[in-house]
file data_15.txt (compact mmCIF, C-alpha atoms)
# COMPACT_ATOMS: atom_id res chain seq x y z
CA TYR A 1344 -162.68 -64.16 -20.94
CA ASP A 1345 -165.33 -62.08 -22.69
CA VAL A 1346 -167.82 -64.57 -24.09
CA SER A 1347 -167.23 -65.06 -27.83
CA GLN A 1348 -165.22 -62.62 -29.94
CA ASN A 1349 -168.06 -60.11 -30.21
CA GLU A 1350 -166.87 -56.54 -29.70
CA ASN A 1351 -170.22 -55.44 -28.25
CA ILE A 1352 -169.85 -57.95 -25.41
CA GLN A 1353 -166.30 -56.75 -24.81
CA GLN A 1354 -167.51 -53.17 -24.52
CA LEU A 1355 -170.33 -54.19 -22.19
CA ASN A 1356 -167.91 -56.05 -19.91
CA ARG A 1357 -165.51 -53.12 -19.87
CA PHE A 1358 -168.37 -50.88 -18.78
CA LEU A 1359 -169.72 -53.20 -16.06
CA ALA A 1360 -166.43 -54.66 -14.82
CA HIS A 1361 -163.40 -52.80 -16.07
CA GLU A 1362 -160.15 -54.64 -15.43
CA TYR A 1363 -158.74 -51.80 -13.29
CA SER A 1364 -161.99 -50.82 -11.56
CA PRO A 1365 -162.21 -51.59 -7.80
CA LEU A 1366 -165.98 -52.07 -8.19
CA LYS A 1367 -167.13 -54.70 -10.66
CA LEU A 1368 -170.86 -55.18 -11.26
CA GLY A 1369 -170.72 -58.28 -13.43
CA GLY A 1370 -170.68 -59.17 -17.10
CA VAL A 1371 -170.95 -61.85 -19.75
CA PHE A 1372 -167.91 -63.99 -18.98
CA HIS A 1373 -166.32 -67.33 -19.72
CA ALA A 1374 -164.11 -68.64 -16.90
CA GLY A 1375 -161.48 -71.34 -16.60
CA VAL A 1376 -159.21 -72.57 -13.79
CA GLU A 1377 -155.47 -72.81 -14.30
CA VAL A 1378 -153.86 -75.66 -12.35
CA HIS A 1379 -150.26 -76.82 -12.88
CA GLY A 1380 -149.93 -75.11 -16.24
CA LEU A 1381 -153.25 -76.31 -17.69
CA GLU A 1382 -156.51 -74.38 -17.98
CA TRP A 1383 -159.69 -76.34 -17.26
CA SER A 1384 -163.15 -75.15 -18.31
CA PHE A 1385 -166.68 -76.39 -18.82
CA ASN A 1386 -168.54 -76.10 -22.11
CA TYR A 1387 -171.70 -77.42 -23.71
CA SER A 1388 -171.50 -80.65 -25.69
CA PRO A 1389 -174.47 -82.43 -27.31
CA SER A 1390 -172.62 -85.76 -27.21
CA LYS A 1391 -173.48 -88.37 -24.56
CA THR A 1392 -169.93 -89.72 -24.56
CA ARG A 1393 -167.87 -86.52 -24.85
CA PRO A 1394 -167.29 -84.77 -21.48
CA GLY A 1395 -168.12 -81.11 -21.03
CA ILE A 1396 -164.77 -80.35 -19.35
CA SER A 1397 -161.74 -79.60 -21.51
CA CYS A 1398 -158.18 -78.41 -20.92
CA MET A 1399 -155.84 -76.23 -22.97
CA ALA A 1400 -152.96 -73.82 -22.69
CA PRO A 1401 -153.80 -70.96 -20.30
CA ARG A 1402 -155.38 -67.82 -21.79
CA LYS A 1403 -155.65 -69.44 -25.24
CA HIS A 1404 -159.32 -70.40 -25.55
CA PRO A 1405 -160.11 -70.34 -29.28
CA HIS A 1406 -163.74 -69.20 -28.96
CA HIS A 1407 -163.51 -66.43 -26.34
CA HIS A 1408 -161.60 -63.17 -25.89
CA TYR A 1409 -159.08 -63.19 -23.03
CA ARG A 1410 -159.48 -60.18 -20.72
CA GLU A 1411 -157.75 -60.78 -17.34
CA THR A 1412 -156.45 -63.27 -14.79
CA VAL A 1413 -157.86 -63.26 -11.25
CA ASP A 1414 -155.53 -64.62 -8.58
CA CYS A 1415 -157.52 -67.03 -6.41
CA GLY A 1416 -154.60 -68.32 -4.36
CA ARG A 1417 -152.44 -71.45 -4.41
CA THR A 1418 -153.70 -74.88 -3.43
CA SER A 1419 -151.82 -77.13 -1.03
CA ILE A 1420 -153.51 -80.28 -2.31
CA PRO A 1421 -151.04 -82.87 -3.71
CA PHE A 1422 -150.83 -83.41 -7.45
CA VAL A 1423 -152.30 -86.94 -7.19
CA GLU A 1424 -155.34 -85.61 -5.32
CA ILE A 1425 -155.79 -82.87 -7.91
CA ASN A 1426 -155.92 -85.54 -10.62
CA ARG A 1427 -158.57 -87.39 -8.64
CA ILE A 1428 -160.63 -84.19 -8.26
CA ILE A 1429 -160.45 -83.46 -11.98
CA SER A 1430 -161.42 -87.07 -12.81
CA GLN A 1431 -164.43 -86.80 -10.53
CA MET A 1432 -165.49 -83.51 -12.07
CA LEU A 1433 -165.33 -85.06 -15.52
CA GLU A 1434 -168.09 -87.37 -14.30
CA ASP A 1435 -170.02 -84.61 -12.52
CA TYR A 1436 -170.07 -82.21 -15.48
CA PRO A 1437 -171.26 -83.94 -18.67
CA GLY A 1438 -171.56 -81.56 -21.60
CA ARG A 1439 -175.31 -82.00 -21.94
CA ASP A 1440 -175.83 -80.68 -18.39
CA TYR A 1441 -174.57 -77.24 -19.38
CA ASP A 1442 -177.09 -74.48 -18.63
CA ILE A 1443 -176.26 -70.89 -19.49
CA LEU A 1444 -177.87 -69.54 -16.29
CA ARG A 1445 -177.61 -72.32 -13.70
CA ARG A 1446 -174.69 -74.58 -14.62
CA ASN A 1447 -172.18 -72.84 -16.82
CA CYS A 1448 -168.41 -72.42 -17.00
CA CYS A 1449 -168.39 -69.91 -14.13
CA HIS A 1450 -170.24 -72.34 -11.84
CA PHE A 1451 -167.72 -75.03 -12.77
CA ALA A 1452 -164.78 -72.72 -12.00
CA ASP A 1453 -166.29 -71.81 -8.63
CA ASP A 1454 -166.89 -75.48 -7.75
CA CYS A 1455 -163.41 -76.51 -8.90
CA LEU A 1456 -161.69 -73.85 -6.76
CA GLN A 1457 -163.68 -74.88 -3.72
CA ARG A 1458 -162.75 -78.55 -4.21
CA LEU A 1459 -159.14 -77.42 -4.39
CA GLY A 1460 -159.52 -75.84 -0.97
CA LEU A 1461 -159.76 -72.25 -2.20
CA GLY A 1462 -162.50 -69.65 -1.81
CA GLY A 1463 -164.14 -69.86 -5.23
CA VAL A 1464 -164.44 -67.19 -7.89
CA PRO A 1465 -165.33 -63.57 -7.02
CA GLY A 1466 -169.06 -62.93 -6.94
CA TRP A 1467 -169.01 -60.52 -9.88
CA VAL A 1468 -167.82 -63.27 -12.24
CA HIS A 1469 -171.18 -65.08 -12.28
CA ARG A 1470 -173.43 -62.34 -10.86
CA LEU A 1471 -175.22 -61.73 -14.15
CA ALA A 1472 -176.05 -65.44 -14.49
CA ARG A 1473 -177.47 -65.50 -10.95
CA VAL A 1474 -179.62 -62.46 -11.65
CA GLY A 1475 -180.85 -64.03 -14.88
CA ALA A 1476 -181.70 -67.30 -13.12
CA ASN A 1477 -183.65 -65.44 -10.41
CA VAL A 1478 -185.58 -63.46 -13.00
CA GLU A 1479 -186.40 -66.64 -14.91
CA ASN A 1480 -187.61 -68.30 -11.69
CA MET A 1481 -189.92 -65.37 -10.98
CA LEU A 1482 -191.30 -65.45 -14.52
CA ARG A 1483 -191.94 -69.18 -14.27
CA ALA A 1484 -193.71 -68.74 -10.93
CA ALA A 1485 -195.85 -65.93 -12.34
CA GLN A 1486 -196.75 -68.05 -15.38
CA ALA A 1487 -197.63 -71.02 -13.17
CA MET A 1488 -199.87 -68.79 -11.03
CA HIS A 1489 -201.51 -67.36 -14.15
CA ASP A 1490 -202.17 -70.85 -15.54
CA MET A 1491 -203.60 -72.04 -12.22
CA VAL A 1492 -205.95 -69.06 -11.97
CA THR A 1493 -206.99 -69.36 -15.63
CA VAL A 1494 -207.70 -73.10 -15.47
CA GLY A 1495 -209.06 -73.25 -11.93
CA CYS A 1496 -210.99 -70.02 -11.43
CA GLY A 1497 -212.18 -70.07 -15.01
CA THR A 1498 -214.48 -72.93 -13.98
CA GLY A 1499 -215.56 -71.18 -10.80
CA THR A 1500 -213.73 -73.62 -8.55
CA CYS A 1501 -210.15 -72.20 -8.54
CA GLY A 1502 -208.89 -75.75 -8.94
CA MET A 1503 -210.73 -77.01 -5.82
CA GLU A 1504 -213.62 -79.45 -5.48
CA PRO A 1505 -216.84 -77.52 -4.68
CA SER A 1506 -218.34 -78.10 -1.26
CA PRO A 1507 -221.57 -80.17 -0.80
CA GLU A 1508 -223.51 -76.96 -0.11
CA ILE A 1509 -222.36 -75.43 -3.41
CA ARG A 1510 -223.18 -78.63 -5.32
CA SER A 1511 -226.66 -78.71 -3.71
CA ALA A 1512 -227.34 -75.07 -4.60
CA ARG A 1513 -226.25 -75.69 -8.18
CA SER A 1514 -228.51 -78.73 -8.39
CA ARG A 1515 -231.52 -76.72 -7.16
CA ARG A 1516 -230.81 -74.00 -9.68
CA SER A 1517 -230.61 -76.53 -12.51
CA GLU A 1518 -233.99 -78.08 -11.48
CA ARG A 1519 -235.72 -74.69 -11.18
CA PRO A 1520 -237.51 -73.53 -14.37
CA SER A 1521 -235.68 -70.84 -16.13
CA SER A 1522 -236.99 -67.28 -16.17
CA ARG A 1523 -237.21 -67.49 -19.95
CA GLY A 1524 -239.44 -70.56 -19.74
CA ARG A 1525 -241.71 -68.84 -17.21
CA ALA A 1526 -241.89 -65.76 -19.42
CA GLU A 1527 -242.82 -67.85 -22.45
CA ARG A 1528 -245.58 -69.68 -20.54
CA HIS A 1529 -246.86 -66.36 -19.16
CA SER A 1530 -246.88 -64.90 -22.67
CA SER A 1531 -248.78 -67.95 -23.94
CA ARG A 1532 -251.48 -67.46 -21.26
CA ASN A 1533 -251.75 -63.81 -22.23
CA ARG A 1534 -252.24 -64.77 -25.89
CA SER A 1535 -254.98 -67.26 -24.89
CA ALA A 1536 -256.74 -64.58 -22.87
CA ARG A 1537 -256.66 -62.19 -25.82
CA VAL A 1538 -258.12 -64.85 -28.08
CA LEU A 1539 -261.02 -65.42 -25.66
CA VAL A 1540 -261.65 -61.70 -25.33
CA ASP A 1541 -261.67 -61.27 -29.10
CA ALA A 1542 -264.02 -64.24 -29.44
CA ASN A 1543 -266.42 -62.80 -26.86
CA ARG A 1544 -266.49 -59.54 -28.75
CA GLU A 1545 -267.33 -61.31 -32.01
CA LEU A 1546 -270.13 -63.40 -30.44
CA GLY A 1547 -271.86 -60.24 -29.16
CA VAL A 1548 -275.55 -61.01 -28.43
CA PHE A 1549 -275.15 -64.70 -29.19
CA GLY A 1550 -273.52 -65.28 -25.79
CA HIS A 1551 -270.15 -66.25 -24.54
CA MET A 1552 -268.06 -69.13 -25.76
CA GLY A 1553 -267.62 -71.74 -23.08
CA PRO A 1554 -265.97 -75.15 -22.88
CA SER A 1555 -269.00 -76.84 -24.52
CA ASP A 1556 -268.99 -74.36 -27.44
CA ALA A 1557 -265.38 -74.96 -28.43

call {"tool": "encode", "arguments": {"input": "data_15.txt", "output": "structure tokens"}}
result
Amino acid sequence: YDVSQNENIQQLNRFLAHEYSPLKLGGVFHAGVEVHGLEWSFNYSPSKTRPGISCMAPRKHPHHHYRETVDCGRTSIPFVEINRIISQMLEDYPGRDYDILRRNCCHFADDCLQRLGLGGVPGWVHRLARVGANVENMLRAAQAMHDMVTVGCGTGTCGMEPSPEIRSARSRRSERPSSRGRAERHSSRNRSARVLVDANRELGVFGHMGPSDA
């Protein structure tokens, strides 16, 4: 199926994976598995009690546009065992576990065919989802690295505890008078010297001002 009834998606899928093309690159697909006259598929459901797997008449999904049937072979598993497999998958695929990139209808179809002893769906059916998942993983890793560098190296430690030598050097720097303080004290001494010089000039012949004259 082409996902939804949107004509733009149908055109995209025809371009990337035309029904009669020997080379299919991928597309935006919905997939189901037909077994004994019933089509099984996996969909999202917000309900905790409603399963994500549903069955219907083949090629009649109401929300998607049917495009082609891919022959995946015939299973030799008995009908009773098929029922057991489907019952188990109802438990394994709750609707709230649906993920558009990592656990969608195409993943379910592939898993179902393998449990039926077949080879799974062709790779092009869920290739676009795999590519999207890989891209998302890379973006998450890059964001995590960015956050680690921003939080860690922004403090000068890169997320690591500073060594005793670094802590000791920082402590000595914090105890050392700042250059601004030294400059202010030096400027204050210069002002005092100028005051004494000016006072000596004013005293002239009367002598110099000393500690006892102050």

call {"tool": "residues_around", "arguments": {"input": "data_15.txt", "residues": "A:Cys1449", "least_positions_apart": "2", "cutoff": "8 Å", "atoms": "only C-alpha atoms", "output": "list in words"}}
result
Phe1372, His1373, Ala1374, Gly1375, Arg1446, Asn1447, Phe1451, Ala1452, Asp1453, Val1464, Val1468 and His1469 of chain A

call {"tool": "residues_around", "arguments": {"input": "data_15.txt", "residues": "A:Tyr1436", "least_positions_apart": "5", "cutoff": "12 Å", "atoms": "only C-alpha atoms", "output": "list in words"}}
result
Ser1384, Phe1385, Asn1386, Tyr1387, Ser1388, Lys1391, Thr1392, Arg1393, Pro1394, Gly1395, Ile1396, Ser1397, Ile1429, Ser1430, Gln1431, Tyr1441, Asp1442, Arg1446, Asn1447, Cys1448, His1450, Phe1451, Ala1452, Asp1454 and Cys1455 of chain A

call {"tool": "closest_residue", "arguments": {"input": "data_15.txt", "among": "A:Leu1459, A:Met1491, A:His1408, A:Pro1389", "to": "A:Pro1421", "atoms": "only C-alpha atoms"}}
result
A:Leu1459

call {"tool": "closest_residue", "arguments": {"input": "data_15.txt", "among": "A:Arg1458, A:Arg1357, A:His1406, A:Arg1417", "to": "A:Val1378", "atoms": "all atoms listed in the file"}}
result
A:Arg1417

call {"tool": "atom_distance", "arguments": {"input": "data_15.txt", "atom1": "atom CA of A:Gln1353", "atom2": "atom CA of A:Gly1416"}}
result
26.2 Å

call {"tool": "atom_distance", "arguments": {"input": "data_15.txt", "atom1": "atom CA of A:Asn1349", "atom2": "atom CA of A:Arg1410"}}
result
12.8 Å
